[in-house]
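Take a look at the structure set out below.
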There are 2 protein chains.
Amino acid sequence: MITRLSQLFLRTLRDDPADAEVPSHKLLVRAGYVRRIAPGVYSWLPLGLKVLRQVERVVREEMDAIGAQEIILPALLPREPYETTNRWTEYGDSLFRLKDRKGADLMLGPTHEELFALTVKGEYNSYKDLPVTLYQIQNKYRDEERPRAGILRGREFVMKDSYSFDLDEDGLKKSYHAHREAYQRIFARLGVKYVIVAATSGAMGGSASEEFLAESPIGEDTYVRCVESGYAANVEAVITAVPDSIPLDGLPESVVHSTPETPTIATLVDWANGAELGRTITAADTLKNILVKTRTPGGEWELLGIGIPGDREVDDKRLGAALEPAEFELLGDADFAANPFLVKGYIGPKGLQANGVRYLVDPRVVSGTAWITGADAPGKHVVDLVAGRDFTPDGTIEAAEVRDGDPSPDGRGPLVSARGIEIGHIFQLGYKYTDAFAVDVLGENGKPVRLVQGSYGVGISRLVAVIAEQMHDDKGLRWPAEVSPFDVYVVIANKDAEAREGAEALATQLDHAGLSVLLDDRKASPGVKFKDSELLGIPLLAVVGRGWAEGKVELKDRFTGETTEVSKDDAVDTVIEKVRNS
Amino acid sequence: MITRLSQLFLRTLRDDPADAEVPSHKLLVRAGYVRRIAPGVYSWLPLGLKVLRQVERVVREEMDAIGAQEIILPALLPREPYETTNRWTEYGDSLFRLKDRKGADLMLGPTHEELFALTVKGEYNSYKDLPVTLYQIQNKYRDEERPRAGILRGREFVMKDSYSFDLDEDGLKKSYHAHREAYQRIFARLGVKYVIVAATSGAMGGSASEEFLAESPIGEDTYVRCVESGYAANVEAVITAVPDSIPLDGLPESVVHSTPETPTIATLVDWANGAELGRTITAADTLKNILVKTRTPGGEWELLGIGIPGDREVDDKRLGAALEPAEFELLGDADFAANPFLVKGYIGPKGLQANGVRYLVDPRVVSGTAWITGADAPGKHVVDLVAGRDFTPDGTIEAAEVRDGDPSPDGRGPLVSARGIEIGHIFQLGYKYTDAFAVDVLGENGKPVRLVQGSYGVGISRLVAVIAEQMHDDKGLRWPAEVSPFDVYVVIANKDAEAREGAEALATQLDHAGLSVLLDDRKASPGVKFKDSELLGIPLLAVVGRGWAEGKVELKDRFTGETTEVSKDDAVDTVIEKVRNS
């Protein structure tokens with residue numbers, strides 16, 4: 001079917017929308033692909049819907065290819081299953097909750113681990129039924145604190161989520177890798193530049209997990225990678241390279257010094273360099289002790305001490321990921337008042353542990369490292385307090401910030417950071433949800449087997465924004481052939497009746513050849529049409545213009561900008577060839 | 001792609017679900033098409049989703065064919081537009097309302113008149129842009145008081161809704177008729193038996209409106225039709241056949257009688273037949289006066305008197321439709337106490353009108369009809385009170401029940417009633433929403449033109465239930481080829497390795513010919529497979545069974561039950577031919 005621009009429900013805008021900051025948002029609005037209805041809630045106009053459906057199609061084809069089966073679960077969900085797994089509460093303000101006319105609690109599904117586990121439990125009961133992978137492509141809902149960048153981070157958005165169920169961990173690993181490869185094919189077909197990074201699993205629970213991040217300076221996720229080795233990780237998941245421990249023999253004794261008015265690392269370093277310790281002291285020689293309180297689900301608040309080198313800050317996201325699923329908070333004045341052994345600015349490992357506070361350190365605090373740190377008394381610090389000799393931490397924690405130049409954990413070079421947009425996430429969930437709902441089948445030996453679950457997501461509507469973001473140029477959108485709303489944009493740029501008929505005939509022939517054709521038959525100037533063609537971003541433009549009188553049609557590649565003239569007799573075949581080869 | 005039953009996420013059930021009452025609900029659950037998640041909220045398992053997508057495809061093709069353009073608006077909507085049109089309030093408990101983390105009011109869209117009007121206003125500004133018709137296929141949400149019959153009346157359901165915008169009423173009529181014809185094609189392709197009935201427009205506002213009702217004894221909508229003329233109407237929309245008025249000359253004078261203890265029609269008729277009035281009196285000779293109070297949006301409560309022949313009851317649905325959009329309530333004791341002129345059991349037209357109460361009558365109360373009715377005093381009735389002489393009603397109202405045998409309004413025969421399920425509804429909405437949002441474009445003469453809107457809906461998920469309901473037999477589902485999840489169901493009903501290979505080869509050849517094939521390769525008995533094939537309802541069955549040794553394949557038509565044997569060499573061609581001709 002030929003789509004005529006004269007009748008298409010489309011109005012392009014000359015100006016950027018006032019609320020748009022990133023290029024994809026500006027262009028998708030200006031080109032009439034999407035419209036804002038409420039914060040983080042958008043309409044898809046005809047062209048936007050076509051691109052969205054193309055992305056869906058690619059994802060569906062690759063999911064079907066790995067044997068995943070499509071179903072659809074409701075978006076409107078009862079509270080109970082999420083109550084069972086505690087996610088009704090854990091999701092906090094991000095969950096849209098509502099009540100029905102009878103007062104029953106309902107919610108809008110942010111993700112469906114619970115319901116898929118229950119669905120498999122409802123149908124299957126024998127090991128012979130397994131493995132199975134189910135997926136859906138569906139509207140999801142999250143009440144984001146800061147909806148952002150148009151459809152990039154919406155509150156109503158389209159996601160493909162799939163769930164694998166296996167009899168054992170080996171099966172889970174196979175399902176996980178099948179998804180990993182399917183995702184690589186999906187993003188390759190969509191032309192998205194991305195990186196796979198090690199990730200933490202967050203509120204989802206489970207163990208191994210990787211994120212697919214589209215490379216983008218406007219990304220909200222920071223990741224690091226080692227150019228030499230290819231190691232890449234979300235900042236939350238970076239594992240610190242651990243230095244060798246140092247023999248304790250011959251290390252100087254620790255000495256407590258009077259260090260009045262040195263409650264900060266900077267003042268402490270100043271004092272140390274004036275104290276003739278026989279070496280130059282930097283912040284990295286000091287051990288900073290941070291206190292937080294943590295709470296496991298349903299449990300009591302508990303103090304936790306964290307020791308990190310004084311030249312680094314705590315990264316809240318890394319700390320949160322390390323403590324997951326426990327909540328944490330910084331200490332307030334009331335907490336200090338209730339724990340008088342905490343001497344602000346002079347807290348040390350010994351005082352904490354002597355008072356029963358669990359004490360975790362940065363992985364760099366290995367045995368034999370000597371530190372300048374608090375001595376648990378006002379105006380007192382201790383020098384040469386040696387880990388493994390003078391204090392023994394209760395463990396390590398990945399809470400310190402990651403910096404460009406930090407060594408890669410594989411020891412093959414420095415880490416560099418970049419920003420990305422999460423477009424896919426794969427999890428080896430494990431037993432969190434199948435345990436919660438006792439999802440068992442009868443095993444080969446007649447005993448019940450608990451199933452092990454994987455969870456995998458692709459942000460479909462977000463990908464539309466990501467492709468726009470990565471592919472656009474200063475003139476407008478540029479769609480890869482696989483997702484373009486049309487194969488070819490035929491422009492009538494000549495008022496001559498014969499040229500118009502020629503363009504109509506060209507469009508008809510291309511349509512009959514199975515191509516999707518956008519025909520610009522508007523009564524607008526060629527200049528307006530060319531500008532719109534650049535803004536709309538169809539990969540191939542066929543212009544019936546001035547050259548028509550000489551029997552010429554001009555073809556233009558939206559990506560390269562390259563133009564070629566072909567004779568009108570060859571135009572159909574050349575366009576078909578270009579589309580098929582793109 | 002061949003779908004193998006051995007791997008399909010499907011378990012059929014032997015027993016009907018406990019909560020199911022109607023055949024389609026029982027069968028769609030037993031055959032593994034849908035599963036209940038919460039009241040009125042269902043999952044679509046693989047086969048169910050395939051049928052749902054087929055119905056969507058048919059609807060989409062017919063909408064595209066009339067030039068409608070597909071877009072998608074959000075399901076999560078802000079309150080404001082619905083506040084403007086008062087539907088935020090008018091929808092009452094049927095609307096799912098929620099708040100976001102900032103306390104803003106949101107709702108789940110039950111229908112999108114407001115948003116489409118705003119969308120057109122946002123893009124178009126010239127008469128040259130019109131007409132335009134937009135549609136979406138999308139999840140809708142209504143908090144039904146009684147979700148029912150599985151997916152037949154759900155709280156989350158899939159609907160196609162479209163909206164036309166025209167410059168004038170003539171244009172609206174054209175758009176309306178284009179939809180009417182598209183709907184006729186849709187329901188014909190789906191094989192649904194239906195009737196088009198005149199309807200009232202309910203909370204939607206607007207004027208002309210028709211419903212497409214699928215004929216079904218389990219339907220919730222009652223409609224009537226005249227077999228002779230073809231007139232059909234939803235009961236709410238039936239127009240009473242009005243008898244000729246009677247000349248007033250020579251009618252007997254009205255006389256007030258003492259009628260002690262006759263507060264009901266039955267006691268009044270008994271009294272009249274004992275009072276020697278010179279004729280036999282039936283309930284149809286009495287005029288029953290009912291009092292309600294009505295309230296227009298935002299207005300005060302107001303008394304309304306309604307006079308109907310004593311042999312009929314008031315039909316609350318008809319009364320509600322007649323008063324729309326005003327609310328109404330029956331009078332309580334407090335209302336009677338506040339209005340002492342209302343003498344229960346003895347209320348008459350004269351007392352009502354004398355006290356300023358608006359008084360509407362059934363259309364049968366024409367000028368010259370004489371009635372026995374209340375005389376506004378305890379134990380008093382009046383005989384021969386003549387309409388148009390002794391009292392003049394303030395108008396007529398369609399509030400009395402419709403009965404089988406009532407004359408058709410076109411005078412061509414009696415009405416008979418039947419039950420149906422609403423599957424489509426078309427409205428000439430008019431200006432309700434375009435007025436609310438001032439949806440104007442610049443007219444040809446340079447002056448603004450207010451657009452006129454139509455609204456049209458098809459219940460996509462409901463149609464799956466309706467087709468199941470109309471087509472099933474006592475063995476299971478029966479899908480028309482157009483919506484069947486597969487073209488053909490190939491059964492391996494022979495354990496012989498060669499037969500199995502032959503079935504696989506048959507399935508592969510059918511697949512290559514472009515047919516969708518369900519291959520029953522399970523290790524189950526032929527009996528189990530045949531039973532499931534009947535339950536699942538694929539229209540054509542190809543059995544590789546006992547006959548295979550003699551080179552025979554059995555083909556079975558699920559609708560007629562007819563079986564034919566074909567040679568295995570002809571099997572592929574015969575199946576393809578049968579599918580193409582179905």
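In the structure tokens, chains take letters A, B, ... by order of appearance, with residues numbered from 1 within each chain and ligands from 1 in the order shown.
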Give me, as a compact mmCIF listing (two decimals) with all heavy atoms, in the first residue's frame, the residues of chain B touching chain A, with the criterion being at most 6 Å (counting only C-alpha atoms).
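Saved to iface21.txt:
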```
# COMPACT_ATOMS: atom_id res chain seq x y z
N ARG B 11 -1.56 -27.18 28.11
CA ARG B 11 -2.12 -28.34 28.79
C ARG B 11 -3.63 -28.21 28.73
O ARG B 11 -4.19 -27.23 29.22
CB ARG B 11 -1.66 -28.42 30.26
CG ARG B 11 -0.22 -28.82 30.44
CD ARG B 11 0.02 -30.25 29.90
NE ARG B 11 1.43 -30.59 29.87
CZ ARG B 11 2.25 -30.37 28.84
NH1 ARG B 11 1.80 -29.79 27.73
NH2 ARG B 11 3.51 -30.73 28.89
N SER B 43 -4.86 -14.07 31.33
CA SER B 43 -3.69 -14.27 30.49
C SER B 43 -4.12 -14.92 29.19
O SER B 43 -5.05 -15.72 29.17
CB SER B 43 -2.71 -15.25 31.14
OG SER B 43 -2.23 -14.76 32.32
N TRP B 44 -3.37 -14.64 28.15
CA TRP B 44 -3.56 -15.29 26.85
C TRP B 44 -2.39 -16.23 26.63
O TRP B 44 -1.26 -15.79 26.45
CB TRP B 44 -3.62 -14.24 25.74
CG TRP B 44 -4.80 -13.32 25.88
CD1 TRP B 44 -4.88 -12.21 26.67
CD2 TRP B 44 -6.07 -13.45 25.23
NE1 TRP B 44 -6.12 -11.63 26.56
CE2 TRP B 44 -6.87 -12.37 25.67
CE3 TRP B 44 -6.60 -14.34 24.32
CZ2 TRP B 44 -8.17 -12.18 25.24
CZ3 TRP B 44 -7.90 -14.14 23.88
CH2 TRP B 44 -8.67 -13.08 24.33
N LEU B 45 -2.66 -17.52 26.66
CA LEU B 45 -1.61 -18.50 26.40
C LEU B 45 -1.42 -18.61 24.87
O LEU B 45 -2.12 -17.95 24.11
CB LEU B 45 -1.97 -19.82 27.07
CG LEU B 45 -2.08 -19.70 28.62
CD1 LEU B 45 -2.19 -21.08 29.25
CD2 LEU B 45 -0.91 -18.94 29.22
N PRO B 46 -0.42 -19.41 24.41
CA PRO B 46 -0.05 -19.32 22.99
C PRO B 46 -1.21 -19.41 22.00
O PRO B 46 -1.32 -18.59 21.08
CB PRO B 46 0.93 -20.48 22.81
CG PRO B 46 1.61 -20.59 24.15
CD PRO B 46 0.51 -20.30 25.15
N GLU B 70 -3.65 4.09 11.78
CA GLU B 70 -3.43 3.53 13.13
C GLU B 70 -2.42 4.36 13.91
O GLU B 70 -1.34 4.70 13.41
CB GLU B 70 -2.95 2.08 13.02
CG GLU B 70 -2.89 1.39 14.39
CD GLU B 70 -2.59 -0.10 14.32
OE1 GLU B 70 -2.31 -0.60 13.22
OE2 GLU B 70 -2.62 -0.75 15.38
N ILE B 71 -2.77 4.64 15.14
CA ILE B 71 -1.85 5.27 16.09
C ILE B 71 -2.04 4.52 17.42
O ILE B 71 -2.84 3.59 17.50
CB ILE B 71 -2.11 6.79 16.26
CG1 ILE B 71 -3.47 7.06 16.92
CG2 ILE B 71 -2.07 7.49 14.90
CD1 ILE B 71 -3.70 8.56 17.23
N ILE B 72 -1.28 4.89 18.43
CA ILE B 72 -1.57 4.32 19.76
C ILE B 72 -1.47 5.41 20.81
O ILE B 72 -0.44 6.08 20.92
CB ILE B 72 -0.64 3.15 20.12
CG1 ILE B 72 -1.06 1.89 19.37
CG2 ILE B 72 -0.68 2.87 21.62
CD1 ILE B 72 -0.87 0.60 20.10
N LEU B 73 -2.54 5.56 21.56
CA LEU B 73 -2.50 6.48 22.67
C LEU B 73 -2.25 5.70 23.95
O LEU B 73 -2.43 4.49 24.00
CB LEU B 73 -3.82 7.26 22.75
CG LEU B 73 -3.72 8.61 22.04
CD1 LEU B 73 -3.40 8.44 20.57
CD2 LEU B 73 -4.98 9.41 22.21
N PRO B 74 -1.80 6.38 25.01
CA PRO B 74 -1.51 5.64 26.25
C PRO B 74 -2.78 5.06 26.88
O PRO B 74 -3.89 5.56 26.65
CB PRO B 74 -0.91 6.70 27.17
CG PRO B 74 -0.73 7.93 26.37
CD PRO B 74 -1.51 7.80 25.11
N ASP B 93 -17.86 4.31 39.50
CA ASP B 93 -16.98 3.24 39.95
C ASP B 93 -16.37 2.44 38.80
O ASP B 93 -15.51 1.58 39.05
CB ASP B 93 -17.77 2.27 40.84
CG ASP B 93 -18.03 2.85 42.21
OD1 ASP B 93 -17.37 3.85 42.56
OD2 ASP B 93 -18.88 2.31 42.93
N LEU B 98 -6.05 6.25 39.83
CA LEU B 98 -4.87 6.07 40.68
C LEU B 98 -4.12 7.38 40.79
O LEU B 98 -4.44 8.34 40.09
CB LEU B 98 -3.97 4.95 40.15
CG LEU B 98 -3.29 5.11 38.79
CD1 LEU B 98 -2.09 4.16 38.71
CD2 LEU B 98 -4.24 4.80 37.65
N ARG B 101 3.39 9.16 42.17
CA ARG B 101 4.18 9.43 43.38
C ARG B 101 4.12 10.89 43.79
O ARG B 101 4.41 11.23 44.94
CB ARG B 101 5.63 9.00 43.17
CG ARG B 101 6.34 9.73 42.04
CD ARG B 101 7.85 9.60 42.19
NE ARG B 101 8.36 8.29 41.87
CZ ARG B 101 9.39 7.72 42.50
NH1 ARG B 101 9.99 8.34 43.48
NH2 ARG B 101 9.82 6.53 42.14
N GLU B 123 -2.50 18.54 15.81
CA GLU B 123 -1.77 18.41 14.54
C GLU B 123 -2.38 19.23 13.41
O GLU B 123 -1.66 19.73 12.57
CB GLU B 123 -1.72 16.93 14.11
CG GLU B 123 -1.17 15.97 15.16
CD GLU B 123 0.25 16.29 15.59
OE1 GLU B 123 1.11 16.54 14.72
OE2 GLU B 123 0.50 16.32 16.83
```
Inset, instruction - Would you kindly return, as JSON, numbers by chain, each protein, DNA or RNA residue with an atom no farther than 8 Å from any atom of A:Val292, considering only C-alpha atoms and excluding same-chain residues fewer than 5 positions away? - result: {"A": [303, 304, 305, 306, 328, 329, 330, 331]}
Inset, instruction - Would you work out the distance separating atom CA of A:Glu422 from atom CA of A:Leu213, expressed in Å to one decimal? - result: 4.5 Å
Inset, instruction - Would you mind writing down, as a PyMOL selection string, each residue of stretch 203-349 of chain A that DSSP on the backbone assigns to helix (DSSP H, G or I)? - result: chain A and resi 203-204+235-237+265-273+283-285+316-323+333-338+349
Inset, instruction - Point out the residue among A:Ile467, A:Ala199, A:Ala375, A:Val488 with the least atom-to-atom distance to A:Pro263, counting only C-alpha atoms. - result: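 Of all the options, A:Ala375 lies closest to A:Pro263.
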Legend entry - Test item: residues at most 10 Å from A:Arg522, only C-alpha atoms, excluding those fewer than 4 positions along its chain, as a list in words: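 Non-adjacent residues within range: Arg4, Leu5, Ser6, Gln7, Val491, Ile492, Ala493, Pro526, Val528 and Lys529 of chain A.
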